[in-house]
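Peer 1: As input, take upload.cif (mmCIF, C-alpha atoms):
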data_final
#
loop_
_atom_site.label_atom_id
_atom_site.label_comp_id
_atom_site.auth_asym_id
_atom_site.auth_seq_id
_atom_site.Cartn_x
_atom_site.Cartn_y
_atom_site.Cartn_z
CA MET A 28 74.58 59.61 2.72
CA GLY A 29 77.79 59.28 0.74
CA ASN A 30 77.90 55.52 0.13
CA SER A 31 75.94 52.35 0.67
CA SER A 32 77.71 51.48 3.88
CA SER A 33 76.64 54.72 5.51
CA MET A 34 73.51 54.71 7.58
CA LEU A 35 70.62 57.02 7.06
CA THR A 36 70.36 59.25 10.13
CA GLN A 37 67.15 60.73 11.47
CA TYR A 38 68.40 64.12 10.28
CA ASP A 39 68.96 62.71 6.75
CA ILE A 40 65.48 61.20 6.69
CA GLU A 41 63.87 64.47 7.80
CA GLU A 42 65.91 66.43 5.26
CA VAL A 43 64.79 64.09 2.46
CA GLN A 44 61.20 64.26 3.70
CA ASN A 45 61.33 68.06 3.50
CA ARG A 46 62.81 67.87 -0.01
CA CYS A 47 59.92 65.68 -1.17
CA GLN A 48 57.34 67.73 0.74
CA LYS A 49 56.70 64.86 3.19
CA LEU A 50 55.08 62.75 0.49
CA PHE A 51 56.97 59.67 1.70
CA SER A 52 56.97 58.26 5.22
CA GLN A 53 60.22 57.61 7.06
CA GLN A 54 59.83 53.90 6.39
CA GLU A 55 59.32 54.52 2.65
CA ILE A 56 62.43 56.72 2.56
CA VAL A 57 64.49 53.98 4.18
CA SER A 58 63.18 51.50 1.56
CA LEU A 59 63.98 53.93 -1.25
CA TYR A 60 67.45 54.43 0.24
CA GLU A 61 68.08 50.69 0.13
CA ARG A 62 66.81 50.49 -3.46
CA PHE A 63 68.91 53.49 -4.48
CA PHE A 64 72.10 51.82 -3.26
CA GLN A 65 71.20 48.57 -5.02
CA LEU A 66 71.34 50.64 -8.22
CA ASP A 67 74.48 52.54 -7.14
CA LEU A 68 76.83 49.62 -7.73
CA ASN A 69 79.97 51.76 -7.58
CA ALA A 70 78.87 53.37 -4.28
CA LYS A 71 79.50 56.85 -5.71
CA GLY A 72 76.36 58.36 -4.21
CA PHE A 73 74.55 58.84 -7.51
CA ILE A 74 72.96 56.76 -10.23
CA SER A 75 72.93 57.40 -13.93
CA ALA A 76 69.86 57.47 -16.13
CA ASP A 77 71.07 54.15 -17.57
CA LYS A 78 70.99 52.55 -14.13
CA LEU A 79 67.49 53.85 -13.51
CA LEU A 80 66.48 52.42 -16.87
CA SER A 81 67.64 49.01 -15.63
CA VAL A 82 64.52 49.05 -13.43
CA PRO A 83 61.90 47.25 -15.57
CA GLU A 84 59.09 49.69 -14.66
CA PHE A 85 61.10 52.59 -16.10
CA ALA A 86 62.54 50.69 -19.04
CA MET A 87 59.04 49.74 -20.26
CA ASN A 88 57.85 53.34 -20.28
CA PRO A 89 58.08 54.85 -23.78
CA LEU A 90 58.79 58.24 -22.21
CA SER A 91 61.55 57.05 -19.88
CA GLN A 92 64.33 58.76 -21.85
CA ARG A 93 62.49 62.08 -21.57
CA LEU A 94 61.74 61.50 -17.89
CA LEU A 95 65.37 60.88 -17.11
CA LYS A 96 67.18 63.78 -18.77
CA MET A 97 70.03 63.92 -16.30
CA ASP A 98 73.68 63.07 -15.87
CA GLY A 99 73.39 61.63 -12.38
CA LEU A 100 70.85 61.49 -9.62
CA ASN A 101 71.81 61.64 -5.96
CA PHE A 102 69.54 60.12 -3.33
CA LYS A 103 67.69 63.37 -2.55
CA ASP A 104 67.05 64.00 -6.27
CA PHE A 105 65.98 60.37 -6.69
CA VAL A 106 63.34 60.72 -3.95
CA ALA A 107 62.24 64.16 -5.20
CA PHE A 108 61.79 62.71 -8.71
CA LEU A 109 59.75 59.78 -7.42
CA SER A 110 57.63 62.01 -5.18
CA ALA A 111 55.57 63.15 -8.18
CA PHE A 112 54.38 59.55 -8.42
CA SER A 113 53.26 59.39 -4.80
CA ALA A 114 49.56 58.90 -4.16
CA LYS A 115 49.87 61.92 -1.84
CA ALA A 116 51.31 64.21 -4.53
CA SER A 117 49.03 66.99 -5.70
CA VAL A 118 47.74 67.17 -9.25
CA GLN A 119 49.88 70.29 -9.68
CA GLN A 120 53.04 68.36 -8.69
CA LYS A 121 52.17 65.64 -11.20
CA ILE A 122 51.51 68.21 -13.92
CA LYS A 123 54.92 69.80 -13.30
CA LEU A 124 56.55 66.45 -14.02
CA ILE A 125 54.44 65.95 -17.14
CA PHE A 126 55.40 69.43 -18.30
CA LYS A 127 59.10 68.53 -17.93
CA VAL A 128 58.52 65.49 -20.13
CA TYR A 129 57.01 67.62 -22.88
CA ASP A 130 59.48 70.53 -22.49
CA SER A 131 62.40 68.54 -23.87
CA ASP A 132 64.68 71.53 -24.37
CA GLY A 133 63.89 73.01 -20.94
CA ASN A 134 62.95 76.44 -22.30
CA GLY A 135 59.73 76.65 -20.27
CA LYS A 136 57.52 76.37 -23.35
CA VAL A 137 55.92 73.42 -25.12
CA SER A 138 55.26 73.66 -28.84
CA PHE A 139 52.94 71.71 -31.11
CA ASN A 140 55.97 69.72 -32.31
CA ASP A 141 57.07 68.94 -28.73
CA ILE A 142 53.65 67.44 -28.02
CA LEU A 143 53.63 65.64 -31.36
CA GLU A 144 56.99 64.03 -30.56
CA VAL A 145 55.69 62.70 -27.23
CA LEU A 146 52.57 61.38 -28.97
CA ARG A 147 54.82 59.66 -31.50
CA ASN A 148 56.76 58.00 -28.67
CA LEU A 149 53.55 56.89 -26.99
CA SER A 150 51.64 55.61 -30.01
CA GLY A 151 54.45 54.30 -32.19
CA SER A 152 53.24 53.11 -35.58
CA PHE A 153 49.65 52.52 -34.44
CA ILE A 154 48.65 56.01 -35.58
CA SER A 155 49.93 57.88 -38.60
CA ASP A 156 51.60 61.30 -38.26
CA ASN A 157 48.66 62.81 -40.12
CA GLN A 158 46.16 61.32 -37.65
CA ARG A 159 48.24 62.50 -34.68
CA GLU A 160 48.41 66.03 -36.08
CA LYS A 161 44.64 66.14 -36.65
CA VAL A 162 43.86 64.90 -33.14
CA LEU A 163 46.35 67.29 -31.54
CA THR A 164 45.13 70.26 -33.58
CA GLN A 165 41.53 69.53 -32.52
CA LEU A 166 42.53 69.02 -28.86
CA LEU A 167 44.43 72.32 -28.78
CA LYS A 168 41.54 74.10 -30.48
CA GLU A 169 39.07 72.78 -27.90
CA ALA A 170 41.40 73.98 -25.12
CA GLY A 171 41.58 77.46 -26.68
CA TYR A 172 45.01 77.15 -28.31
CA SER A 173 46.23 76.91 -31.88
CA LYS A 174 48.90 74.89 -33.63
CA ASP A 175 51.19 77.94 -33.31
CA SER A 176 50.67 78.31 -29.54
CA TYR A 177 53.43 77.74 -27.04
CA LEU A 178 52.13 76.26 -23.81
CA THR A 179 53.66 77.20 -20.46
CA LEU A 180 53.44 75.33 -17.17
CA ASP A 181 50.47 77.55 -16.24
CA ASP A 182 48.72 76.47 -19.45
CA PHE A 183 49.31 72.81 -18.57
CA ILE A 184 47.91 73.39 -15.08
CA LYS A 185 44.88 75.15 -16.58
CA VAL A 186 44.20 72.34 -19.07
CA LEU A 187 45.07 69.33 -16.89
CA GLY A 188 44.33 70.75 -13.45
CA SER A 189 40.79 69.45 -13.20
CA SER A 190 41.43 66.17 -14.99
CA GLY A 191 41.65 63.91 -11.94
CA LEU A 192 45.11 62.87 -13.11
CA LYS A 193 46.43 59.63 -11.61
CA MET A 194 50.14 58.79 -11.64
CA GLU A 195 50.99 56.57 -8.72
CA VAL A 196 53.61 54.06 -7.71
CA GLU A 197 53.69 52.09 -4.51
CA VAL A 198 56.92 52.06 -2.53
CA PRO A 199 57.35 48.56 -1.13
CA VAL A 200 58.28 48.72 2.53
CA ASP A 201 60.04 45.64 3.88
#
Please go through the file and, once you have read it, give me the structure as structure tokens.
Peer 2:
Amino acid sequence: MGNSSSMLTQYDIEEVQNRCQKLFSQQEIVSLYERFFQLDLNAKGFISADKLLSVPEFAMNPLSQRLLKMDGLNFKDFVAFLSAFSAKASVQQKIKLIFKVYDSDGNGKVSFNDILEVLRNLSGSFISDNQREKVLTQLLKEAGYSKDSYLTLDDFIKVLGSSGLKMEVEVPVD
């Protein structure tokens, strides 16, 4: 899987399927492989966050910079990242990705200010900082937390686990 001229072997496909917990079919992995190497213009075997942001669906997302906190993504990491968006992914897998978005410093904890920053990115100037703080304070209170609480991944799973969360992308298969 080193460059775009290499072929994806059955072993490679199965290895990638195992990495993404079999959330993508073999045909979907082959399609993702082709798309990956369209983005890997230098055929170095990885793509930068900037290249991924050249995909309109990612560029339009106000959280894309937080989603793509990485130096380079090889094909296996690319598929593993996208697997959270699979219709077959569990709610827990989706929540883990959401938690990574909120945990910008990667310390395993999300603070009031971390959440506020994401809300700022999502809502822009449509809501004032004061309104955002009031809504977030009330939401945390209703979930049993305070403004001074630090939320862990387990807290996110507890709060969002029964929400019926939907985050799905369709992998076009040619």
Peer 1: What does the PyMOL selection byres ((chain A and resi 130) around 10) select in this file, as a list in words?
Peer 2: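 Against this file, the PyMOL selection byres ((chain A and resi 130) around 10) returns the residues Arg93, Leu124, Ile125, Phe126, Lys127, Val128, Tyr129, Ser131, Asp132, Gly133, Asn134, Gly135, Lys136, Val137, Ser138, Asp141, Ile142, Val145, Leu178, Thr179 and Leu180 of chain A.
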Peer 1: Hey, which of A:Ile122, A:Leu187, A:Leu109, A:Ile56 ends up closest to Gln37 in chain A? Count all atoms listed in the file.
Peer 2: A:Ile56
Peer 1: Determine the residue set returned by the PyMOL selection byres ((chain A and resi 120) around 12) for the present structure, and present it as a PyMOL selection string.
Peer 2: chain A and resi 47-48+50+107-119+121-127+180+183-184+187-188+192-195
Peer 1: Report, in Å to a single decimal, how far apart CA of Asp39 in chain A and CA of Lys71 in chain A are.
Peer 2: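 CA of Lys71 in chain A sits 17.3 Å away from CA of Asp39 in chain A.
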Peer 1: Mind giving me the straight-line distance from CA of Leu143 in chain A to CA of Met87 in chain A in Å, one decimal?
Peer 2: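 Distance between the two atoms: 20.1 Å.
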Peer 1: With the file shown as input, list the residues that the PyMOL selection byres ((chain A and resi 103) around 9) selects, as a PyMOL selection string.
Peer 2: chain A and resi 42-43+46-47+100-102+104-108
Peer 1: Please dump the current selection as a PDB file, in the coordinates of the input; keep C-alpha atoms.
Peer 2:
ATOM      1  CA  GLU A  42      65.910  66.430   5.260  1.00  0.00           C
ATOM      2  CA  VAL A  43      64.790  64.090   2.460  1.00  0.00           C
ATOM      3  CA  ARG A  46      62.810  67.870  -0.010  1.00  0.00           C
ATOM      4  CA  CYS A  47      59.920  65.680  -1.170  1.00  0.00           C
ATOM      5  CA  LEU A 100      70.850  61.490  -9.620  1.00  0.00           C
ATOM      6  CA  ASN A 101      71.810  61.640  -5.960  1.00  0.00           C
ATOM      7  CA  PHE A 102      69.540  60.120  -3.330  1.00  0.00           C
ATOM      8  CA  ASP A 104      67.050  64.000  -6.270  1.00  0.00           C
ATOM      9  CA  PHE A 105      65.980  60.370  -6.690  1.00  0.00           C
ATOM     10  CA  VAL A 106      63.340  60.720  -3.950  1.00  0.00           C
ATOM     11  CA  ALA A 107      62.240  64.160  -5.200  1.00  0.00           C
ATOM     12  CA  PHE A 108      61.790  62.710  -8.710  1.00  0.00           C
TER      13      PHE A 108
END
Peer 1: Using all atoms of range 114-124 of chain A listed in the file and a margin of 5 Å per side, can you give the axis-aligned box centre and edge lengths in Å to one decimal, as JSON?
Peer 2:
{"center_x": 52.1, "center_y": 64.6, "center_z": -7.9, "size_x": 18.8, "size_y": 21.4, "size_z": 22.2}
Peer 1: From the options A:Leu149, A:Ala170, A:Gln44, A:Asn69, which residue's atoms come nearest to Asp182 in chain A, counting all atoms listed in the file?
Peer 2: A:Ala170
Peer 1: Set the distance at 12 Å and use all atoms listed in the file: which residues neighbour Met34 in chain A once local chain neighbours fewer than 6 positions away are removed? I'd like the list as a list in words.
Peer 2: Met28, Ile40, Val57, Tyr60, Glu61 and Phe64 of chain A
Peer 1: Please produce an output containing C-alpha atoms for each residue in the selection, written as a PDB file, keeping the file's coordinate frame.
Peer 2:
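Heads up, here's the output in result_23.pdb:
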ATOM      1  CA  MET A  28      74.580  59.610   2.720  1.00  0.00           C
ATOM      2  CA  ILE A  40      65.480  61.200   6.690  1.00  0.00           C
ATOM      3  CA  VAL A  57      64.490  53.980   4.180  1.00  0.00           C
ATOM      4  CA  TYR A  60      67.450  54.430   0.240  1.00  0.00           C
ATOM      5  CA  GLU A  61      68.080  50.690   0.130  1.00  0.00           C
ATOM      6  CA  PHE A  64      72.100  51.820  -3.260  1.00  0.00           C
TER       7      PHE A  64
END
Peer 1: Would you mind reading off the distance between CA of Ile154 in chain A and CA of Phe139 in chain A, one decimal, in Å?
Peer 2: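 CA of Phe139 in chain A lies 16.9 Å from CA of Ile154 in chain A.
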Peer 1: Between A:Lys78, A:Arg62, A:Lys49, A:Arg159, single out the one closest to Ser91 in chain A, counting all atoms listed in the file.
Peer 2: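 Answer, going by the shortest atom-to-atom distance: A:Lys78.
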